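Coordinates as given in run_2.pdb (PDB, C-alpha atoms and all ligand atoms):
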ATOM      1  CA  MET A  27      92.151 106.027 117.858
ATOM      2  CA  PRO A  28      93.041 102.476 118.862
ATOM      3  CA  VAL A  29      94.709 101.366 115.600
ATOM      4  CA  ASP A  30      95.409 103.013 112.249
ATOM      5  CA  PHE A  31      94.295 100.791 109.337
ATOM      6  CA  SER A  32      95.446 103.344 106.743
ATOM      7  CA  GLY A  33      97.474 101.908 103.918
ATOM      8  CA  THR A  34      97.367  99.693 100.860
ATOM      9  CA  TRP A  35      96.833  96.017 101.477
ATOM     10  CA  VAL A  36      97.087  93.214  98.911
ATOM     11  CA  LEU A  37      95.099  89.977  99.155
ATOM     12  CA  GLU A  38      97.209  86.992 100.171
ATOM     13  CA  SER A  39      94.603  84.355 101.067
ATOM     14  CA  ASN A  40      90.856  84.140 100.580
ATOM     15  CA  ASP A  41      89.262  81.211 102.406
ATOM     16  CA  ASN A  42      85.633  80.304 101.629
ATOM     17  CA  PHE A  43      84.951  83.310  99.366
ATOM     18  CA  GLU A  44      82.960  81.022  97.047
ATOM     19  CA  ASP A  45      80.469  80.116  99.797
ATOM     20  CA  TYR A  46      80.193  83.756 100.857
ATOM     21  CA  MET A  47      79.293  84.718  97.289
ATOM     22  CA  LYS A  48      76.806  81.811  97.054
ATOM     23  CA  ILE A  49      74.975  82.905 100.195
ATOM     24  CA  LEU A  50      74.686  86.389  98.631
ATOM     25  CA  ASN A  51      73.142  84.767  95.522
ATOM     26  CA  ILE A  52      75.975  85.811  93.194
ATOM     27  CA  ASP A  53      75.547  83.930  89.915
ATOM     28  CA  LEU A  54      77.925  81.153  88.848
ATOM     29  CA  VAL A  55      79.657  83.028  86.026
ATOM     30  CA  THR A  56      80.353  86.056  88.226
ATOM     31  CA  ARG A  57      81.613  83.795  91.044
ATOM     32  CA  LYS A  58      84.021  82.015  88.703
ATOM     33  CA  VAL A  59      85.549  85.362  87.741
ATOM     34  CA  ALA A  60      85.479  86.881  91.243
ATOM     35  CA  VAL A  61      87.086  83.921  93.030
ATOM     36  CA  GLN A  62      90.202  84.255  90.841
ATOM     37  CA  LEU A  63      90.674  87.963  91.496
ATOM     38  CA  SER A  64      93.387  89.657  93.395
ATOM     39  CA  GLN A  65      91.845  92.298  95.634
ATOM     40  CA  THR A  66      93.530  95.370  97.054
ATOM     41  CA  LYS A  67      92.205  97.338 100.007
ATOM     42  CA  VAL A  68      93.058 101.006 100.137
ATOM     43  CA  ILE A  69      92.101 102.311 103.566
ATOM     44  CA  ILE A  70      92.129 105.934 104.652
ATOM     45  CA  GLN A  71      91.454 106.464 108.341
ATOM     46  CA  ASP A  72      91.242 109.979 109.744
ATOM     47  CA  GLU A  73      90.042 110.273 113.349
ATOM     48  CA  ASN A  74      86.551 108.687 113.233
ATOM     49  CA  LYS A  75      86.228 108.845 109.429
ATOM     50  CA  LEU A  76      86.988 105.823 107.323
ATOM     51  CA  THR A  77      87.180 105.203 103.581
ATOM     52  CA  ILE A  78      87.683 101.648 102.379
ATOM     53  CA  LYS A  79      88.269 100.969  98.697
ATOM     54  CA  THR A  80      88.226  97.359  97.529
ATOM     55  CA  LEU A  81      89.890  97.305  94.127
ATOM     56  CA  SER A  82      90.199  94.606  91.469
ATOM     57  CA  THR A  83      90.573  94.342  87.706
ATOM     58  CA  PHE A  84      86.897  93.297  87.483
ATOM     59  CA  ARG A  85      85.008  95.667  89.801
ATOM     60  CA  ASN A  86      85.738  98.211  92.504
ATOM     61  CA  TYR A  87      83.755  98.959  95.638
ATOM     62  CA  GLU A  88      84.090 101.911  97.974
ATOM     63  CA  ILE A  89      82.506 103.008 101.236
ATOM     64  CA  SER A  90      83.040 106.123 103.328
ATOM     65  CA  LEU A  91      81.649 106.299 106.841
ATOM     66  CA  THR A  92      81.894 107.684 110.321
ATOM     67  CA  ILE A  93      82.758 105.112 112.957
ATOM     68  CA  GLY A  94      79.863 104.724 115.404
ATOM     69  CA  GLU A  95      77.218 106.180 113.074
ATOM     70  CA  GLU A  96      74.772 103.995 111.155
ATOM     71  CA  PHE A  97      74.517 104.762 107.445
ATOM     72  CA  ASP A  98      72.729 103.496 104.330
ATOM     73  CA  GLU A  99      74.920 101.175 102.288
ATOM     74  CA  CYS A 100      74.076  99.943  98.815
ATOM     75  CA  THR A 101      76.369  97.148  97.670
ATOM     76  CA  LYS A 102      76.356  98.358  94.076
ATOM     77  CA  GLY A 103      78.266  96.039  91.745
ATOM     78  CA  LEU A 104      78.381  93.348  94.425
ATOM     79  CA  ASP A 105      75.031  91.813  95.446
ATOM     80  CA  ASN A 106      73.186  95.139  94.981
ATOM     81  CA  ARG A 107      71.393  95.084  98.345
ATOM     82  CA  LYS A 108      70.396  97.947 100.614
ATOM     83  CA  LEU A 109      71.776  97.745 104.128
ATOM     84  CA  LYS A 110      71.774  99.693 107.380
ATOM     85  CA  THR A 111      75.434  99.544 108.245
ATOM     86  CA  LEU A 112      77.260 100.357 111.463
ATOM     87  CA  VAL A 113      81.013 100.165 112.006
ATOM     88  CA  SER A 114      82.367 100.380 115.536
ATOM     89  CA  TRP A 115      85.407  99.506 117.620
ATOM     90  CA  GLU A 116      85.641  96.368 119.693
ATOM     91  CA  GLY A 117      89.037  96.916 121.259
ATOM     92  CA  ASP A 118      91.456  97.132 118.321
ATOM     93  CA  THR A 119      89.044  95.358 115.941
ATOM     94  CA  LEU A 120      86.739  97.202 113.546
ATOM     95  CA  VAL A 121      83.372  95.473 113.633
ATOM     96  CA  CYS A 122      80.684  96.052 111.030
ATOM     97  CA  THR A 123      77.050  94.965 111.143
ATOM     98  CA  GLN A 124      74.995  95.136 107.952
ATOM     99  CA  LYS A 125      71.268  94.921 108.694
ATOM    100  CA  GLY A 126      69.121  93.942 105.731
ATOM    101  CA  GLU A 127      67.553  91.014 103.947
ATOM    102  CA  LYS A 128      70.317  88.601 105.005
ATOM    103  CA  ALA A 129      70.723  87.631 108.643
ATOM    104  CA  ASN A 130      73.985  87.863 110.598
ATOM    105  CA  ARG A 131      75.736  89.884 107.915
ATOM    106  CA  GLY A 132      78.876  91.901 108.565
ATOM    107  CA  TRP A 133      82.648  91.946 108.674
ATOM    108  CA  LYS A 134      85.588  92.447 111.003
ATOM    109  CA  HIS A 135      89.044  93.874 110.378
ATOM    110  CA  TRP A 136      92.095  93.620 112.585
ATOM    111  CA  ILE A 137      95.868  93.893 112.168
ATOM    112  CA  GLU A 138      98.517  91.372 113.169
ATOM    113  CA  GLY A 139     102.052  92.508 112.327
ATOM    114  CA  ASP A 140     102.097  93.509 108.645
ATOM    115  CA  LYS A 141      98.897  91.593 107.888
ATOM    116  CA  LEU A 142      95.351  92.909 107.662
ATOM    117  CA  HIS A 143      92.837  90.252 108.603
ATOM    118  CA  MET A 144      89.213  90.234 107.556
ATOM    119  CA  GLU A 145      86.255  88.056 108.364
ATOM    120  CA  LEU A 146      83.256  88.456 106.099
ATOM    121  CA  TYR A 147      80.160  86.710 107.350
ATOM    122  CA  CYS A 148      76.597  86.153 106.288
ATOM    123  CA  GLU A 149      74.096  83.724 107.813
ATOM    124  CA  ASP A 150      76.212  80.649 108.742
ATOM    125  CA  VAL A 151      79.064  81.347 106.282
ATOM    126  CA  VAL A 152      82.415  82.894 107.161
ATOM    127  CA  CYS A 153      84.988  83.970 104.568
ATOM    128  CA  ARG A 154      88.475  84.723 105.891
ATOM    129  CA  GLN A 155      90.794  87.027 103.996
ATOM    130  CA  VAL A 156      94.367  88.011 104.799
ATOM    131  CA  PHE A 157      96.075  91.011 103.162
ATOM    132  CA  ILE A 158      99.736  91.980 103.305
ATOM    133  CA  ARG A 159     100.784  95.602 103.641
ATOM    134  CA  LYS A 160     102.148  97.030 100.404
ATOM    135  CA  LYS A 161     105.512  98.720 101.020
TER
HETATM  136  O1  LIG B   1      84.579  95.128 102.364
HETATM  137  O2  LIG B   1      82.468  94.490 102.385
HETATM  138  O3  LIG B   1      86.727  95.965 103.866
HETATM  139  O4  LIG B   1      83.413  97.645 101.919
HETATM  140  C1  LIG B   1      83.299  91.502  98.681
HETATM  141  C2  LIG B   1      82.668  90.981  97.431
HETATM  142  C3  LIG B   1      83.741  90.898  93.057
HETATM  143  C4  LIG B   1      82.374  91.193  92.460
HETATM  144  C5  LIG B   1      84.105  92.753  98.451
HETATM  145  C6  LIG B   1      84.586  92.165  93.164
HETATM  146  C7  LIG B   1      81.420  90.179  97.783
HETATM  147  C8  LIG B   1      81.501  89.987  92.300
HETATM  148  C9  LIG B   1      83.796  93.843  99.463
HETATM  149  C10 LIG B   1      85.595  92.102  94.261
HETATM  150  C11 LIG B   1      80.957  89.313  96.625
HETATM  151  C12 LIG B   1      81.093  89.285  93.611
HETATM  152  C13 LIG B   1      86.269  93.415  94.507
HETATM  153  C14 LIG B   1      83.866  93.309 100.873
HETATM  154  C15 LIG B   1      79.981  90.005  95.737
HETATM  155  C16 LIG B   1      80.057  90.023  94.404
HETATM  156  C17 LIG B   1      85.343  94.579  94.794
HETATM  157  C18 LIG B   1      83.544  94.360 101.920
HETATM  158  C19 LIG B   1      84.359  96.044 103.413
HETATM  159  C20 LIG B   1      85.481  95.887 104.425
HETATM  160  C21 LIG B   1      84.398  97.457 102.870
END
Can you give me the file's structure in the form of structure tokens?
Ligand code: YOG
Amino acid sequence: MPVDFSGTWVLESNDNFEDYMKILNIDLVTRKVAVQLSQTKVIIQDENKLTIKTLSTFRNYEISLTIGEEFDECTKGLDNRKLKTLVSWEGDTLVCTQKGEKANRGWKHWIEGDKLHMELYCEDVVCRQVFIRKK
């Protein structure tokens, strides 16, 4: 296990989230609410199993997966698409590809000090989020 992402992480910056939501065809009213939200990631990592909860006052989203094994993801409550999702290690970075209707979709997570970094991408849009570890 290269790195342990387990912990509770609170959103500190959220760059370009609006464009990421636009490219996923999220409607204006929902975007206006979502862009204002604080998000908390609760990550449980156990060997090659991973649960990631993304929590907010508006909606929650949770995935559980085995690293290195493709699974069916449905982004229920987000853009409600069906994806073939694969999460794997690239060094100490967790890299996710989400095959589906939208090209070049996925995300990356890595840790620098007490910060959890995330890149969310879809087509030509990249959203960058930074979370701070909750003590
Ligand atoms: O995380 O894939 O950590 O699943 C991205 C929202 C906003 C709802 C959140 C609720 C994409 C309305 C998940 C925000 C925008 C906007 C809190 C990102 C879609 C709808 C849930 C993600 C991975 C990696 C784990």
Pull out every residue that the PyMOL selection byres (((not hetatm)) within 8 of (chain B and resi 1)) matches in the shown coordinates and put them as a PDB file with C-alpha atoms, in the frame of the given file.
ATOM      1  CA  PHE A  43      84.951  83.310  99.366  1.00  0.00           C
ATOM      2  CA  TYR A  46      80.193  83.756 100.857  1.00  0.00           C
ATOM      3  CA  MET A  47      79.293  84.718  97.289  1.00  0.00           C
ATOM      4  CA  LEU A  50      74.686  86.389  98.631  1.00  0.00           C
ATOM      5  CA  ILE A  52      75.975  85.811  93.194  1.00  0.00           C
ATOM      6  CA  THR A  56      80.353  86.056  88.226  1.00  0.00           C
ATOM      7  CA  ARG A  57      81.613  83.795  91.044  1.00  0.00           C
ATOM      8  CA  VAL A  59      85.549  85.362  87.741  1.00  0.00           C
ATOM      9  CA  ALA A  60      85.479  86.881  91.243  1.00  0.00           C
ATOM     10  CA  VAL A  61      87.086  83.921  93.030  1.00  0.00           C
ATOM     11  CA  LEU A  63      90.674  87.963  91.496  1.00  0.00           C
ATOM     12  CA  GLN A  65      91.845  92.298  95.634  1.00  0.00           C
ATOM     13  CA  THR A  66      93.530  95.370  97.054  1.00  0.00           C
ATOM     14  CA  LYS A  67      92.205  97.338 100.007  1.00  0.00           C
ATOM     15  CA  ILE A  78      87.683 101.648 102.379  1.00  0.00           C
ATOM     16  CA  LYS A  79      88.269 100.969  98.697  1.00  0.00           C
ATOM     17  CA  THR A  80      88.226  97.359  97.529  1.00  0.00           C
ATOM     18  CA  LEU A  81      89.890  97.305  94.127  1.00  0.00           C
ATOM     19  CA  SER A  82      90.199  94.606  91.469  1.00  0.00           C
ATOM     20  CA  PHE A  84      86.897  93.297  87.483  1.00  0.00           C
ATOM     21  CA  ARG A  85      85.008  95.667  89.801  1.00  0.00           C
ATOM     22  CA  ASN A  86      85.738  98.211  92.504  1.00  0.00           C
ATOM     23  CA  TYR A  87      83.755  98.959  95.638  1.00  0.00           C
ATOM     24  CA  GLU A  88      84.090 101.911  97.974  1.00  0.00           C
ATOM     25  CA  ILE A  89      82.506 103.008 101.236  1.00  0.00           C
ATOM     26  CA  GLY A 103      78.266  96.039  91.745  1.00  0.00           C
ATOM     27  CA  LEU A 104      78.381  93.348  94.425  1.00  0.00           C
ATOM     28  CA  ASP A 105      75.031  91.813  95.446  1.00  0.00           C
ATOM     29  CA  GLY A 132      78.876  91.901 108.565  1.00  0.00           C
ATOM     30  CA  TRP A 133      82.648  91.946 108.674  1.00  0.00           C
ATOM     31  CA  LYS A 134      85.588  92.447 111.003  1.00  0.00           C
ATOM     32  CA  HIS A 135      89.044  93.874 110.378  1.00  0.00           C
ATOM     33  CA  MET A 144      89.213  90.234 107.556  1.00  0.00           C
ATOM     34  CA  LEU A 146      83.256  88.456 106.099  1.00  0.00           C
TER      35      LEU A 146
END
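You will find atom CA of Ile93 of chain A at 5.4 Å from atom CA of Ser114 of chain A.
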> When distances are computed from all atoms listed in the file, which of A:Gln124, A:Ile137, A:Cys100, A:Leu76 shows the smallest separation from Val29 of chain A?
Replying inline: A:Ile137
> Got a sec to resolve the PyMOL selection byres (((chain A and resi 112) around 12) and not hetatm) on this structure and send the residues as an MDAnalysis selection string?
Replying inline: chainID A and resid 76 89:99 109:111 113:115 120:126 131:134
For the selection you just gave me, I'd like the residues written to a file as a PDB file, in the coordinates of the input, keeping C-alpha atoms.
ATOM      1  CA  LEU A  76      86.988 105.823 107.323  1.00  0.00           C
ATOM      2  CA  ILE A  89      82.506 103.008 101.236  1.00  0.00           C
ATOM      3  CA  SER A  90      83.040 106.123 103.328  1.00  0.00           C
ATOM      4  CA  LEU A  91      81.649 106.299 106.841  1.00  0.00           C
ATOM      5  CA  THR A  92      81.894 107.684 110.321  1.00  0.00           C
ATOM      6  CA  ILE A  93      82.758 105.112 112.957  1.00  0.00           C
ATOM      7  CA  GLY A  94      79.863 104.724 115.404  1.00  0.00           C
ATOM      8  CA  GLU A  95      77.218 106.180 113.074  1.00  0.00           C
ATOM      9  CA  GLU A  96      74.772 103.995 111.155  1.00  0.00           C
ATOM     10  CA  PHE A  97      74.517 104.762 107.445  1.00  0.00           C
ATOM     11  CA  ASP A  98      72.729 103.496 104.330  1.00  0.00           C
ATOM     12  CA  GLU A  99      74.920 101.175 102.288  1.00  0.00           C
ATOM     13  CA  LEU A 109      71.776  97.745 104.128  1.00  0.00           C
ATOM     14  CA  LYS A 110      71.774  99.693 107.380  1.00  0.00           C
ATOM     15  CA  THR A 111      75.434  99.544 108.245  1.00  0.00           C
ATOM     16  CA  VAL A 113      81.013 100.165 112.006  1.00  0.00           C
ATOM     17  CA  SER A 114      82.367 100.380 115.536  1.00  0.00           C
ATOM     18  CA  TRP A 115      85.407  99.506 117.620  1.00  0.00           C
ATOM     19  CA  LEU A 120      86.739  97.202 113.546  1.00  0.00           C
ATOM     20  CA  VAL A 121      83.372  95.473 113.633  1.00  0.00           C
ATOM     21  CA  CYS A 122      80.684  96.052 111.030  1.00  0.00           C
ATOM     22  CA  THR A 123      77.050  94.965 111.143  1.00  0.00           C
ATOM     23  CA  GLN A 124      74.995  95.136 107.952  1.00  0.00           C
ATOM     24  CA  LYS A 125      71.268  94.921 108.694  1.00  0.00           C
ATOM     25  CA  GLY A 126      69.121  93.942 105.731  1.00  0.00           C
ATOM     26  CA  ARG A 131      75.736  89.884 107.915  1.00  0.00           C
ATOM     27  CA  GLY A 132      78.876  91.901 108.565  1.00  0.00           C
ATOM     28  CA  TRP A 133      82.648  91.946 108.674  1.00  0.00           C
ATOM     29  CA  LYS A 134      85.588  92.447 111.003  1.00  0.00           C
TER      30      LYS A 134
END
Build an axis-aligned box that encloses every atom of segment 141-157 of chain A listed in the file, pad it by 3 Å on each side, and report its centre and edge lengths in Å to one decimal, as AutoDock Vina command-line options.
--center_x 86.5 --center_y 86.8 --center_z 106.0 --size_x 30.8 --size_y 18.3 --size_z 11.6
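If all atoms listed in the file are the atoms counted, then among A:Ile49, A:Lys128, A:Lys75, A:Lys141 the closest residue to Lys161 of chain A is A:Lys141.
Taking atom CA of Tyr147 of chain A as the reference point, atom CA of Asn51 of chain A is found at 13.9 Å.
Picture a line from atom CA of Thr77 of chain A to atom CA of Thr34 of chain A; it runs 11.9 Å.
The residue that comes closest to Phe31 of chain A, out of A:Asp118, A:Thr83, A:Leu54, A:Gln155 and on the basis of only C-alpha atoms, is A:Asp118.
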>> Given only C-alpha atoms as the basis, pick out the residue of A:Gln71, A:Asn106, A:Asn130, A:Ser64 nearest to Ser32 of chain A.
In response: A:Gln71
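For the file shown, the residue list from the PyMOL selection byres (((chain A and resi 40) around 7) and not hetatm) reads Glu38, Ser39, Asp41, Asn42, Phe43, Arg154, Gln155 and Val156 of chain A.
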Can you give me N, CA, C and O atoms for segment 89-103 of chain A, written as a compact mmCIF listing (two decimals), keeping the file's coordinate frame?
# COMPACT_ATOMS: atom_id res chain seq x y z
N ILE A 89 83.41 102.42 100.23
CA ILE A 89 82.51 103.01 101.24
C ILE A 89 83.26 104.07 102.03
O ILE A 89 84.47 103.96 102.24
N SER A 90 82.52 105.10 102.43
CA SER A 90 83.04 106.12 103.33
C SER A 90 82.05 106.27 104.47
O SER A 90 80.83 106.29 104.23
N LEU A 91 82.54 106.34 105.69
CA LEU A 91 81.65 106.30 106.84
C LEU A 91 82.29 106.97 108.04
O LEU A 91 83.49 107.25 108.06
N THR A 92 81.44 107.22 109.01
CA THR A 92 81.89 107.68 110.32
C THR A 92 81.73 106.53 111.31
O THR A 92 80.64 105.95 111.40
N ILE A 93 82.80 106.22 112.00
CA ILE A 93 82.76 105.11 112.96
C ILE A 93 81.76 105.46 114.07
O ILE A 93 81.78 106.58 114.61
N GLY A 94 80.86 104.52 114.36
CA GLY A 94 79.86 104.72 115.40
C GLY A 94 78.55 105.31 114.92
O GLY A 94 77.62 105.46 115.71
N GLU A 95 78.46 105.63 113.63
CA GLU A 95 77.22 106.18 113.07
C GLU A 95 76.65 105.28 111.99
O GLU A 95 77.33 105.01 110.99
N GLU A 96 75.41 104.84 112.16
CA GLU A 96 74.77 104.00 111.16
C GLU A 96 74.55 104.78 109.86
O GLU A 96 74.25 105.97 109.90
N PHE A 97 74.75 104.11 108.74
CA PHE A 97 74.52 104.76 107.44
C PHE A 97 73.86 103.77 106.48
O PHE A 97 73.82 102.57 106.73
N ASP A 98 73.34 104.32 105.37
CA ASP A 98 72.73 103.50 104.33
C ASP A 98 73.81 103.05 103.37
O ASP A 98 74.50 103.87 102.78
N GLU A 99 73.94 101.73 103.23
CA GLU A 99 74.92 101.18 102.29
C GLU A 99 74.16 100.49 101.17
O GLU A 99 73.17 99.80 101.42
N CYS A 100 74.60 100.71 99.94
CA CYS A 100 74.08 99.94 98.82
C CYS A 100 75.27 99.24 98.19
O CYS A 100 76.23 99.88 97.79
N THR A 101 75.22 97.93 98.13
CA THR A 101 76.37 97.15 97.67
C THR A 101 76.37 97.05 96.14
O THR A 101 76.34 95.96 95.57
N LYS A 102 76.43 98.23 95.53
CA LYS A 102 76.36 98.36 94.08
C LYS A 102 77.54 97.64 93.41
O LYS A 102 78.69 97.83 93.81
N GLY A 103 77.23 96.80 92.43
CA GLY A 103 78.27 96.04 91.74
C GLY A 103 78.66 94.77 92.47
O GLY A 103 79.41 93.95 91.94
